[in-house]
$ cat structure_17.pdb   # PDB, C-alpha atoms and all ligand atoms
ATOM      1  CA  MET A   1      11.219  12.757 -83.755
ATOM      2  CA  LYS A   2      14.866  13.706 -83.787
ATOM      3  CA  VAL A   3      17.396  10.867 -83.571
ATOM      4  CA  VAL A   4      19.892  11.729 -80.834
ATOM      5  CA  GLN A   5      23.574  11.337 -81.663
ATOM      6  CA  ALA A   6      26.501   9.703 -79.835
ATOM      7  CA  GLY A   7      27.414  11.705 -76.769
ATOM      8  CA  ASP A   8      23.872  12.124 -75.515
ATOM      9  CA  PRO A   9      23.818  10.475 -72.062
ATOM     10  CA  VAL A  10      20.502   8.728 -72.818
ATOM     11  CA  LEU A  11      22.392   6.448 -75.230
ATOM     12  CA  ARG A  12      24.621   5.261 -72.389
ATOM     13  CA  ALA A  13      21.928   4.602 -69.778
ATOM     14  CA  THR A  14      20.036   1.360 -69.172
ATOM     15  CA  ALA A  15      16.463   1.793 -70.401
ATOM     16  CA  ARG A  16      13.668   1.323 -67.871
ATOM     17  CA  GLN A  17      11.238  -1.588 -68.235
ATOM     18  CA  LEU A  18       7.516  -0.948 -68.697
ATOM     19  CA  SER A  19       4.524  -2.477 -66.913
ATOM     20  CA  ARG A  20       1.627  -3.856 -68.987
ATOM     21  CA  ASP A  21      -0.489  -0.888 -67.816
ATOM     22  CA  GLU A  22       2.121   1.553 -69.079
ATOM     23  CA  ILE A  23       2.258  -0.240 -72.440
ATOM     24  CA  ALA A  24      -1.525   0.172 -72.803
ATOM     25  CA  ASP A  25      -1.270   3.886 -72.005
ATOM     26  CA  ALA A  26      -1.987   6.245 -74.918
ATOM     27  CA  LYS A  27       1.317   8.048 -74.389
ATOM     28  CA  VAL A  28       3.337   4.884 -74.930
ATOM     29  CA  GLN A  29       1.176   3.876 -77.899
ATOM     30  CA  GLN A  30       1.815   7.289 -79.426
ATOM     31  CA  LEU A  31       5.541   6.981 -78.768
ATOM     32  CA  ILE A  32       5.563   3.656 -80.666
ATOM     33  CA  GLU A  33       3.794   5.309 -83.619
ATOM     34  CA  LEU A  34       6.298   8.168 -83.644
ATOM     35  CA  MET A  35       9.200   5.737 -83.439
ATOM     36  CA  ARG A  36       7.826   3.854 -86.446
ATOM     37  CA  GLU A  37       7.593   7.080 -88.450
ATOM     38  CA  THR A  38      11.051   8.194 -87.371
ATOM     39  CA  MET A  39      12.574   4.826 -88.344
ATOM     40  CA  ARG A  40      10.904   4.947 -91.773
ATOM     41  CA  ASP A  41      11.926   8.572 -92.353
ATOM     42  CA  ALA A  42      15.578   7.896 -91.552
ATOM     43  CA  PRO A  43      15.318   5.243 -93.085
ATOM     44  CA  GLY A  44      16.535   2.532 -90.755
ATOM     45  CA  VAL A  45      15.762  -1.113 -90.016
ATOM     46  CA  GLY A  46      15.467  -0.620 -86.264
ATOM     47  CA  LEU A  47      15.134   2.118 -83.676
ATOM     48  CA  ALA A  48      15.346   1.986 -79.888
ATOM     49  CA  ALA A  49      13.521   4.487 -77.652
ATOM     50  CA  PRO A  50      16.790   5.910 -76.221
ATOM     51  CA  GLN A  51      17.637   6.982 -79.787
ATOM     52  CA  VAL A  52      14.719   9.402 -79.673
ATOM     53  CA  GLY A  53      15.771  10.545 -76.210
ATOM     54  CA  VAL A  54      13.363   8.319 -74.247
ATOM     55  CA  GLY A  55      14.899   5.975 -71.655
ATOM     56  CA  LEU A  56      12.304   3.213 -71.982
ATOM     57  CA  SER A  57      12.859  -0.413 -72.984
ATOM     58  CA  ILE A  58      11.114  -0.281 -76.358
ATOM     59  CA  ALA A  59      12.453  -0.933 -79.843
ATOM     60  CA  VAL A  60      10.806  -1.034 -83.264
ATOM     61  CA  ILE A  61      12.125  -3.163 -86.113
ATOM     62  CA  GLU A  62      11.276  -3.375 -89.818
ATOM     63  CA  ASP A  63      13.407  -4.432 -92.771
ATOM     64  CA  ARG A  64      11.354  -3.614 -95.843
ATOM     65  CA  PRO A  65      11.854  -5.435 -99.180
ATOM     66  CA  GLU A  66      12.610  -2.115-100.937
ATOM     67  CA  TYR A  67      15.617  -1.523 -98.641
ATOM     68  CA  GLN A  68      17.126  -4.727-100.006
ATOM     69  CA  ARG A  69      16.366  -4.154-103.685
ATOM     70  CA  ASN A  70      19.765  -2.685-104.565
ATOM     71  CA  LEU A  71      21.780  -5.336-102.752
ATOM     72  CA  HIS A  72      23.726  -7.712-104.947
ATOM     73  CA  PRO A  73      22.049 -11.138-104.613
ATOM     74  CA  ALA A  74      25.323 -12.794-103.529
ATOM     75  CA  ARG A  75      25.843 -10.110-100.883
ATOM     76  CA  LYS A  76      22.267 -10.376 -99.667
ATOM     77  CA  ALA A  77      22.705 -14.147 -99.386
ATOM     78  CA  ALA A  78      25.977 -13.739 -97.465
ATOM     79  CA  MET A  79      24.279 -11.316 -95.069
ATOM     80  CA  GLN A  80      21.331 -13.697 -94.724
ATOM     81  CA  ARG A  81      19.128 -10.666 -95.104
ATOM     82  CA  GLU A  82      15.410 -11.219 -95.585
ATOM     83  CA  PRO A  83      12.475  -8.817 -95.184
ATOM     84  CA  VAL A  84      11.221  -8.456 -91.607
ATOM     85  CA  PRO A  85       7.703  -7.039 -91.042
ATOM     86  CA  PHE A  86       7.209  -4.149 -88.639
ATOM     87  CA  HIS A  87       7.085  -5.214 -85.012
ATOM     88  CA  VAL A  88       7.677  -3.880 -81.536
ATOM     89  CA  ILE A  89       9.728  -5.407 -78.726
ATOM     90  CA  ILE A  90       9.324  -4.207 -75.140
ATOM     91  CA  ASN A  91      11.431  -5.299 -72.121
ATOM     92  CA  PRO A  92      13.364  -7.749 -74.311
ATOM     93  CA  THR A  93      15.883 -10.306 -73.100
ATOM     94  CA  ILE A  94      18.230 -11.908 -75.598
ATOM     95  CA  THR A  95      20.263 -15.101 -75.590
ATOM     96  CA  ALA A  96      22.617 -16.472 -78.223
ATOM     97  CA  ILE A  97      21.768 -19.806 -79.821
ATOM     98  CA  GLY A  98      25.008 -21.705 -80.448
ATOM     99  CA  ASP A  99      28.485 -20.231 -80.896
ATOM    100  CA  GLU A 100      28.415 -19.185 -84.540
ATOM    101  CA  LYS A 101      29.294 -15.566 -85.305
ATOM    102  CA  ALA A 102      28.946 -13.366 -88.381
ATOM    103  CA  GLU A 103      30.938 -10.250 -89.228
ATOM    104  CA  PHE A 104      29.737  -7.408 -91.460
ATOM    105  CA  PHE A 105      29.847  -3.623 -91.678
ATOM    106  CA  GLU A 106      27.229  -2.163 -89.376
ATOM    107  CA  GLY A 107      26.016   1.394 -88.877
ATOM    108  CA  CYS A 108      23.719   3.257 -86.507
ATOM    109  CA  LEU A 109      21.320   6.191 -86.894
ATOM    110  CA  SER A 110      22.897   7.654 -83.723
ATOM    111  CA  LEU A 111      26.355   7.603 -85.335
ATOM    112  CA  LYS A 112      25.190   8.972 -88.623
ATOM    113  CA  GLY A 113      27.513   8.593 -91.597
ATOM    114  CA  PHE A 114      29.828   5.893 -90.240
ATOM    115  CA  SER A 115      30.142   2.130 -90.163
ATOM    116  CA  ALA A 116      32.556  -0.552 -89.017
ATOM    117  CA  LEU A 117      33.029  -4.304 -89.065
ATOM    118  CA  THR A 118      31.061  -5.696 -86.147
ATOM    119  CA  ARG A 119      30.892  -9.315 -85.034
ATOM    120  CA  ARG A 120      27.521 -10.614 -83.885
ATOM    121  CA  HIS A 121      25.961 -13.916 -82.937
ATOM    122  CA  LEU A 122      24.465 -15.619 -85.984
ATOM    123  CA  LYS A 123      21.401 -16.917 -84.129
ATOM    124  CA  VAL A 124      19.542 -15.491 -81.157
ATOM    125  CA  LYS A 125      16.406 -15.969 -79.153
ATOM    126  CA  VAL A 126      14.464 -12.979 -77.812
ATOM    127  CA  GLU A 127      11.713 -12.956 -75.200
ATOM    128  CA  ALA A 128       9.746  -9.708 -75.059
ATOM    129  CA  LEU A 129       6.323  -8.118 -74.887
ATOM    130  CA  ASN A 130       4.668  -6.690 -77.975
ATOM    131  CA  GLU A 131       2.782  -3.368 -78.245
ATOM    132  CA  LYS A 132      -0.310  -5.064 -76.797
ATOM    133  CA  GLY A 133       1.623  -6.272 -73.754
ATOM    134  CA  GLU A 134       1.526  -9.880 -74.966
ATOM    135  CA  ALA A 135       4.527 -12.154 -74.454
ATOM    136  CA  VAL A 136       6.359 -12.959 -77.684
ATOM    137  CA  SER A 137       9.239 -15.318 -78.341
ATOM    138  CA  ILE A 138      11.412 -14.702 -81.402
ATOM    139  CA  LYS A 139      14.060 -16.958 -82.926
ATOM    140  CA  ALA A 140      16.162 -15.120 -85.476
ATOM    141  CA  GLU A 141      19.119 -15.804 -87.718
ATOM    142  CA  GLY A 142      21.384 -13.774 -89.998
ATOM    143  CA  TRP A 143      20.715 -10.067 -90.520
ATOM    144  CA  TYR A 144      17.532 -10.069 -88.444
ATOM    145  CA  ALA A 145      19.500 -11.539 -85.525
ATOM    146  CA  ARG A 146      22.020  -8.702 -86.004
ATOM    147  CA  ILE A 147      19.260  -6.058 -85.905
ATOM    148  CA  LEU A 148      17.868  -7.549 -82.689
ATOM    149  CA  GLN A 149      21.314  -7.570 -81.051
ATOM    150  CA  HIS A 150      21.961  -3.976 -82.146
ATOM    151  CA  GLU A 151      18.630  -2.633 -80.861
ATOM    152  CA  ILE A 152      18.672  -4.569 -77.595
ATOM    153  CA  ASP A 153      22.233  -3.304 -77.037
ATOM    154  CA  HIS A 154      20.790   0.241 -77.226
ATOM    155  CA  LEU A 155      18.437  -0.625 -74.355
ATOM    156  CA  GLN A 156      21.500  -1.536 -72.248
ATOM    157  CA  GLY A 157      23.411   1.640 -73.139
ATOM    158  CA  THR A 158      25.692  -0.166 -75.590
ATOM    159  CA  MET A 159      26.514   0.924 -79.129
ATOM    160  CA  TYR A 160      28.172  -0.956 -81.987
ATOM    161  CA  VAL A 161      31.356   1.051 -81.512
ATOM    162  CA  ASP A 162      31.797  -0.887 -78.244
ATOM    163  CA  ARG A 163      31.939  -4.122 -80.252
ATOM    164  CA  MET A 164      33.452  -3.061 -83.597
ATOM    165  CA  GLU A 165      36.867  -3.710 -85.093
ATOM    166  CA  THR A 166      38.215  -0.246 -84.395
ATOM    167  CA  ARG A 167      40.578  -0.252 -87.389
ATOM    168  CA  SER A 168      37.605  -0.706 -89.733
ATOM    169  CA  PHE A 169      35.710   2.393 -88.533
ATOM    170  CA  MET A 170      35.050   4.649 -91.545
ATOM    171  CA  ASN A 171      32.675   7.178 -93.032
ATOM    172  CA  ASP A 172      30.109   6.284 -95.674
ATOM    173  CA  ASP A 173      31.940   8.050 -98.537
ATOM    174  CA  ASN A 174      35.078   6.044 -97.959
ATOM    175  CA  TYR A 175      33.119   2.850 -97.420
ATOM    176  CA  LEU A 176      31.525   3.299-100.848
ATOM    177  CA  ARG A 177      34.771   4.432-102.467
ATOM    178  CA  HIS A 178      37.088   1.734-101.144
ATOM    179  CA  TRP A 179      35.322  -1.111 -99.385
ATOM    180  CA  ALA A 180      31.729  -1.692-100.499
ATOM    181  CA  GLY A 181      32.651  -4.348-103.055
ATOM    182  CA  VAL A 182      35.327  -6.065-100.941
ATOM    183  CA  SER A 183      34.630  -9.311 -99.083
ATOM    184  CA  VAL A 184      34.867  -9.191 -95.300
ATOM    185  CA  GLU A 185      37.775 -11.628 -95.517
ATOM    186  CA  ASN A 186      39.695  -9.260 -97.803
ATOM    187  CA  VAL A 187      38.786  -6.217 -95.715
ATOM    188  CA  ARG A 188      40.336  -7.963 -92.718
ATOM    189  CA  GLU A 189      43.469  -8.703 -94.721
ATOM    190  CA  LEU A 190      43.798  -5.186 -96.155
ATOM    191  CA  LEU A 191      43.285  -3.586 -92.735
ATOM    192  CA  GLU A 192      45.785  -6.025 -91.230
ATOM    193  CA  LEU A 193      43.285  -7.369 -88.760
ATOM    194  CA  ASN A 194      44.652 -10.458 -87.124
ATOM    195  CA  GLU A 195      42.841 -13.733 -87.426
ATOM    196  CA  ARG A 196      40.772 -14.486 -84.389
ATOM    197  CA  SER A 197      40.707 -17.876 -82.794
TER     198      SER A 197
HETATM  199 ZN    ZN A 201      21.797   2.024 -83.444
END
$ encode --input "structure_17.pdb" --output "structure tokens" --more "lines below"
Ligand code: ZN
Amino acid sequence: MKVVQAGDPVLRATARQLSRDEIADAKVQQLIELMRETMRDAPGVGLAAPQVGVGLSIAVIEDRPEYQRNLHPARKAAMQREPVPFHVIINPTITAIGDEKAEFFEGCLSLKGFSALTRRHLKVKVEALNEKGEAVSIKAEGWYARILQHEIDHLQGTMYVDRMETRSFMNDDNYLRHWAGVSVENVRELLELNERS
């Protein structure tokens, strides 16, 4: 499937919830399969149905070990990034656990070629249905918690650009050229981003 880009109204609408009967329907099952393929093709670590032009409250998530192979171990540790097996969340609700936040560069398949510093809750809890219509409860921390927040935002019509540090918005070439090896603390200093309370 084609990943729709920023400006498509579907990315700004609230996705509709599904009944258990709808989830069992072959059309929805096929949509989930296509979303998995589209996410892997991109490749990305998450994809929400609105990103393929479908206004339904479904997201797929998968952070494969091979995506993390080229990350510097210290960076991977700082990101708290660990492999996450493929799974589906339907009609999710999310709540933050505690007040801790984490800030890293974040991108989106619907804003291809850009990224920006984005602050997210460090720990979250998600209640959702899976692809079989069964209730699931997820507690997540670190990068996985970030992926969940990003994808569930999509289901509410929100994108990371609504939450980013606007001065840190940049394209991938310049990220790699100037910022990839710089700590978030130093990026903040170099971009003259004020300390937050
Ligand atoms: Zn996205």
$ residues_near_ligand --input "structure_17.pdb" --ligand "ligand ZN 201 (chain A)" --cutoff "8 Å" --atoms "only C-alpha atoms and all ligand atoms" --output "compact mmCIF listing (two decimals) with C-alpha atoms, in the coordinates of the input"
# COMPACT_ATOMS: atom_id res chain seq x y z
CA GLY A 46 15.47 -0.62 -86.26
CA LEU A 47 15.13 2.12 -83.68
CA ALA A 48 15.35 1.99 -79.89
CA GLN A 51 17.64 6.98 -79.79
CA GLY A 107 26.02 1.39 -88.88
CA CYS A 108 23.72 3.26 -86.51
CA LEU A 109 21.32 6.19 -86.89
CA SER A 110 22.90 7.65 -83.72
CA LEU A 111 26.36 7.60 -85.34
CA HIS A 150 21.96 -3.98 -82.15
CA GLU A 151 18.63 -2.63 -80.86
CA HIS A 154 20.79 0.24 -77.23
CA MET A 159 26.51 0.92 -79.13
CA TYR A 160 28.17 -0.96 -81.99
$ atom_distance --input "structure_17.pdb" --atom1 "CA of Glu62 (chain A)" --atom2 "CA of Arg188 (chain A)"
29.6 Å
$ closest_residue --input "structure_17.pdb" --among "A:Leu193, A:Leu56, A:Ala42, A:Ala128" --to "Ala13 (chain A)" --atoms "all atoms listed in the file"
A:Leu56
$ atom_distance --input "structure_17.pdb" --atom1 "CA of Ile147 (chain A)" --atom2 "CA of Phe104 (chain A)"
11.9 Å
$ closest_residue --input "structure_17.pdb" --among "A:Arg177, A:Gln29, A:Val54, A:Ser19" --to "Val3 (chain A)" --atoms "only C-alpha atoms"
A:Val54
$ residues_around --input "structure_17.pdb" --residues "Gly157 (chain A)" --least-positions-apart "6" --cutoff "12 Å" --atoms "all atoms listed in the file" --output "short mmCIF file (atom, residue, chain, number, x, y, z; two decimals) with C-alpha atoms, keeping the file's coordinate frame"
data_model
loop_
_atom_site.label_atom_id
_atom_site.label_comp_id
_atom_site.auth_asym_id
_atom_site.auth_seq_id
_atom_site.Cartn_x
_atom_site.Cartn_y
_atom_site.Cartn_z
CA ALA A 6 26.50 9.70 -79.83
CA GLY A 7 27.41 11.70 -76.77
CA ASP A 8 23.87 12.12 -75.52
CA PRO A 9 23.82 10.48 -72.06
CA VAL A 10 20.50 8.73 -72.82
CA LEU A 11 22.39 6.45 -75.23
CA ARG A 12 24.62 5.26 -72.39
CA ALA A 13 21.93 4.60 -69.78
CA THR A 14 20.04 1.36 -69.17
CA ALA A 15 16.46 1.79 -70.40
CA ARG A 16 13.67 1.32 -67.87
CA ALA A 48 15.35 1.99 -79.89
CA ALA A 49 13.52 4.49 -77.65
CA PRO A 50 16.79 5.91 -76.22
CA GLN A 51 17.64 6.98 -79.79
CA GLY A 55 14.90 5.98 -71.66
CA LEU A 56 12.30 3.21 -71.98
CA SER A 57 12.86 -0.41 -72.98
CA HIS A 150 21.96 -3.98 -82.15
CA GLU A 151 18.63 -2.63 -80.86
#
$ atom_distance --input "structure_17.pdb" --atom1 "CA of Val4 (chain A)" --atom2 "CA of Ala140 (chain A)"
27.5 Å
$ closest_residue --input "structure_17.pdb" --among "A:Pro85, A:Pro65, A:Gly98, A:Pro43" --to "Leu122 (chain A)" --atoms "only C-alpha atoms"
A:Gly98
$ closest_residue --input "structure_17.pdb" --among "A:Gly181, A:Ala59, A:Leu34, A:Ser137" --to "Ala74 (chain A)" --atoms "all atoms listed in the file"
A:Gly181
$ resolve_selection --input "structure_17.pdb" --expression "the PyMOL selection byres (((chain A and resi 129) around 10) and not hetatm)" --output "PyMOL selection string"
chain A and resi 18-20+23+58+88-93+126-128+130-137
$ decode --input "structure_17.pdb" --residues "region 78-89 of chain A" --atoms "all heavy atoms" --output "PDB file, in the first residue's frame"
ATOM      1  N   ALA A  78      21.090   4.299  25.281  1.00  0.00           N
ATOM      2  CA  ALA A  78      20.477   5.584  25.638  1.00  0.00           C
ATOM      3  C   ALA A  78      19.021   5.636  25.172  1.00  0.00           C
ATOM      4  O   ALA A  78      18.148   6.153  25.873  1.00  0.00           O
ATOM      5  CB  ALA A  78      21.268   6.735  25.028  1.00  0.00           C
ATOM      6  N   MET A  79      18.777   5.098  23.992  1.00  0.00           N
ATOM      7  CA  MET A  79      17.418   5.079  23.429  1.00  0.00           C
ATOM      8  C   MET A  79      16.523   4.047  24.121  1.00  0.00           C
ATOM      9  O   MET A  79      15.312   4.063  23.954  1.00  0.00           O
ATOM     10  CB  MET A  79      17.464   4.736  21.926  1.00  0.00           C
ATOM     11  CG  MET A  79      18.126   5.775  21.044  1.00  0.00           C
ATOM     12  SD  MET A  79      18.577   5.071  19.421  1.00  0.00           S
ATOM     13  CE  MET A  79      16.999   5.094  18.571  1.00  0.00           C
ATOM     14  N   GLN A  80      17.149   3.161  24.870  1.00  0.00           N
ATOM     15  CA  GLN A  80      16.436   2.015  25.460  1.00  0.00           C
ATOM     16  C   GLN A  80      15.671   1.287  24.366  1.00  0.00           C
ATOM     17  O   GLN A  80      14.469   1.066  24.471  1.00  0.00           O
ATOM     18  CB  GLN A  80      15.501   2.449  26.582  1.00  0.00           C
ATOM     19  CG  GLN A  80      16.220   3.088  27.754  1.00  0.00           C
ATOM     20  CD  GLN A  80      15.278   3.367  28.914  1.00  0.00           C
ATOM     21  OE1 GLN A  80      14.370   2.612  29.206  1.00  0.00           O
ATOM     22  NE2 GLN A  80      15.496   4.470  29.596  1.00  0.00           N
ATOM     23  N   ARG A  81      16.405   0.970  23.306  1.00  0.00           N
ATOM     24  CA  ARG A  81      15.771   0.321  22.162  1.00  0.00           C
ATOM     25  C   ARG A  81      16.067  -1.169  22.164  1.00  0.00           C
ATOM     26  O   ARG A  81      17.237  -1.571  22.164  1.00  0.00           O
ATOM     27  CB  ARG A  81      16.274   0.980  20.861  1.00  0.00           C
ATOM     28  CG  ARG A  81      15.536   0.475  19.648  1.00  0.00           C
ATOM     29  CD  ARG A  81      15.756   1.331  18.440  1.00  0.00           C
ATOM     30  NE  ARG A  81      15.206   0.674  17.256  1.00  0.00           N
ATOM     31  CZ  ARG A  81      15.304   1.152  16.030  1.00  0.00           C
ATOM     32  NH1 ARG A  81      15.926   2.298  15.816  1.00  0.00           N
ATOM     33  NH2 ARG A  81      14.777   0.489  15.022  1.00  0.00           N
ATOM     34  N   GLU A  82      15.029  -1.954  22.178  1.00  0.00           N
ATOM     35  CA  GLU A  82      15.126  -3.413  22.179  1.00  0.00           C
ATOM     36  C   GLU A  82      14.196  -3.936  21.094  1.00  0.00           C
ATOM     37  O   GLU A  82      13.209  -3.282  20.760  1.00  0.00           O
ATOM     38  CB  GLU A  82      14.658  -3.971  23.531  1.00  0.00           C
ATOM     39  CG  GLU A  82      15.505  -3.541  24.723  1.00  0.00           C
ATOM     40  CD  GLU A  82      16.905  -4.142  24.696  1.00  0.00           C
ATOM     41  OE1 GLU A  82      17.091  -5.188  24.050  1.00  0.00           O
ATOM     42  OE2 GLU A  82      17.807  -3.543  25.315  1.00  0.00           O
ATOM     43  N   PRO A  83      14.473  -5.113  20.543  1.00  0.00           N
ATOM     44  CA  PRO A  83      13.566  -5.670  19.531  1.00  0.00           C
ATOM     45  C   PRO A  83      12.141  -5.838  20.085  1.00  0.00           C
ATOM     46  O   PRO A  83      11.965  -6.191  21.249  1.00  0.00           O
ATOM     47  CB  PRO A  83      14.182  -7.032  19.207  1.00  0.00           C
ATOM     48  CG  PRO A  83      15.624  -6.900  19.559  1.00  0.00           C
ATOM     49  CD  PRO A  83      15.652  -5.971  20.747  1.00  0.00           C
ATOM     50  N   VAL A  84      11.174  -5.555  19.231  1.00  0.00           N
ATOM     51  CA  VAL A  84       9.758  -5.746  19.580  1.00  0.00           C
ATOM     52  C   VAL A  84       9.144  -6.635  18.502  1.00  0.00           C
ATOM     53  O   VAL A  84       9.197  -6.291  17.321  1.00  0.00           O
ATOM     54  CB  VAL A  84       8.989  -4.398  19.629  1.00  0.00           C
ATOM     55  CG1 VAL A  84       7.526  -4.620  19.980  1.00  0.00           C
ATOM     56  CG2 VAL A  84       9.631  -3.436  20.626  1.00  0.00           C
ATOM     57  N   PRO A  85       8.583  -7.786  18.869  1.00  0.00           N
ATOM     58  CA  PRO A  85       7.971  -8.665  17.853  1.00  0.00           C
ATOM     59  C   PRO A  85       6.746  -8.015  17.218  1.00  0.00           C
ATOM     60  O   PRO A  85       6.129  -7.133  17.829  1.00  0.00           O
ATOM     61  CB  PRO A  85       7.555  -9.910  18.642  1.00  0.00           C
ATOM     62  CG  PRO A  85       8.011  -9.726  20.035  1.00  0.00           C
ATOM     63  CD  PRO A  85       8.460  -8.317  20.224  1.00  0.00           C
ATOM     64  N   PHE A  86       6.409  -8.490  16.027  1.00  0.00           N
ATOM     65  CA  PHE A  86       5.229  -7.957  15.333  1.00  0.00           C
ATOM     66  C   PHE A  86       3.980  -8.136  16.194  1.00  0.00           C
ATOM     67  O   PHE A  86       3.747  -9.209  16.746  1.00  0.00           O
ATOM     68  CB  PHE A  86       5.018  -8.691  14.001  1.00  0.00           C
ATOM     69  CG  PHE A  86       3.767  -8.229  13.303  1.00  0.00           C
ATOM     70  CD1 PHE A  86       3.770  -7.074  12.547  1.00  0.00           C
ATOM     71  CD2 PHE A  86       2.570  -8.923  13.451  1.00  0.00           C
ATOM     72  CE1 PHE A  86       2.606  -6.618  11.935  1.00  0.00           C
ATOM     73  CE2 PHE A  86       1.408  -8.478  12.841  1.00  0.00           C
ATOM     74  CZ  PHE A  86       1.430  -7.325  12.077  1.00  0.00           C
ATOM     75  N   HIS A  87       3.198  -7.065  16.295  1.00  0.00           N
ATOM     76  CA  HIS A  87       1.886  -7.186  16.925  1.00  0.00           C
ATOM     77  C   HIS A  87       0.965  -6.076  16.447  1.00  0.00           C
ATOM     78  O   HIS A  87       1.398  -5.103  15.826  1.00  0.00           O
ATOM     79  CB  HIS A  87       1.985  -7.235  18.454  1.00  0.00           C
ATOM     80  CG  HIS A  87       2.492  -5.977  19.087  1.00  0.00           C
ATOM     81  ND1 HIS A  87       1.673  -5.075  19.700  1.00  0.00           N
ATOM     82  CD2 HIS A  87       3.734  -5.477  19.203  1.00  0.00           C
ATOM     83  CE1 HIS A  87       2.390  -4.076  20.174  1.00  0.00           C
ATOM     84  NE2 HIS A  87       3.647  -4.288  19.882  1.00  0.00           N
ATOM     85  N   VAL A  88      -0.308  -6.286  16.716  1.00  0.00           N
ATOM     86  CA  VAL A  88      -1.357  -5.394  16.228  1.00  0.00           C
ATOM     87  C   VAL A  88      -2.081  -4.792  17.421  1.00  0.00           C
ATOM     88  O   VAL A  88      -2.391  -5.518  18.381  1.00  0.00           O
ATOM     89  CB  VAL A  88      -2.369  -6.193  15.369  1.00  0.00           C
ATOM     90  CG1 VAL A  88      -3.446  -5.278  14.809  1.00  0.00           C
ATOM     91  CG2 VAL A  88      -1.658  -6.952  14.256  1.00  0.00           C
ATOM     92  N   ILE A  89      -2.354  -3.502  17.380  1.00  0.00           N
ATOM     93  CA  ILE A  89      -3.199  -2.888  18.408  1.00  0.00           C
ATOM     94  C   ILE A  89      -4.404  -2.239  17.723  1.00  0.00           C
ATOM     95  O   ILE A  89      -4.272  -1.542  16.722  1.00  0.00           O
ATOM     96  CB  ILE A  89      -2.437  -1.871  19.299  1.00  0.00           C
ATOM     97  CG1 ILE A  89      -1.682  -0.821  18.468  1.00  0.00           C
ATOM     98  CG2 ILE A  89      -1.488  -2.582  20.248  1.00  0.00           C
ATOM     99  CD1 ILE A  89      -1.068   0.298  19.316  1.00  0.00           C
TER     100      ILE A  89
END
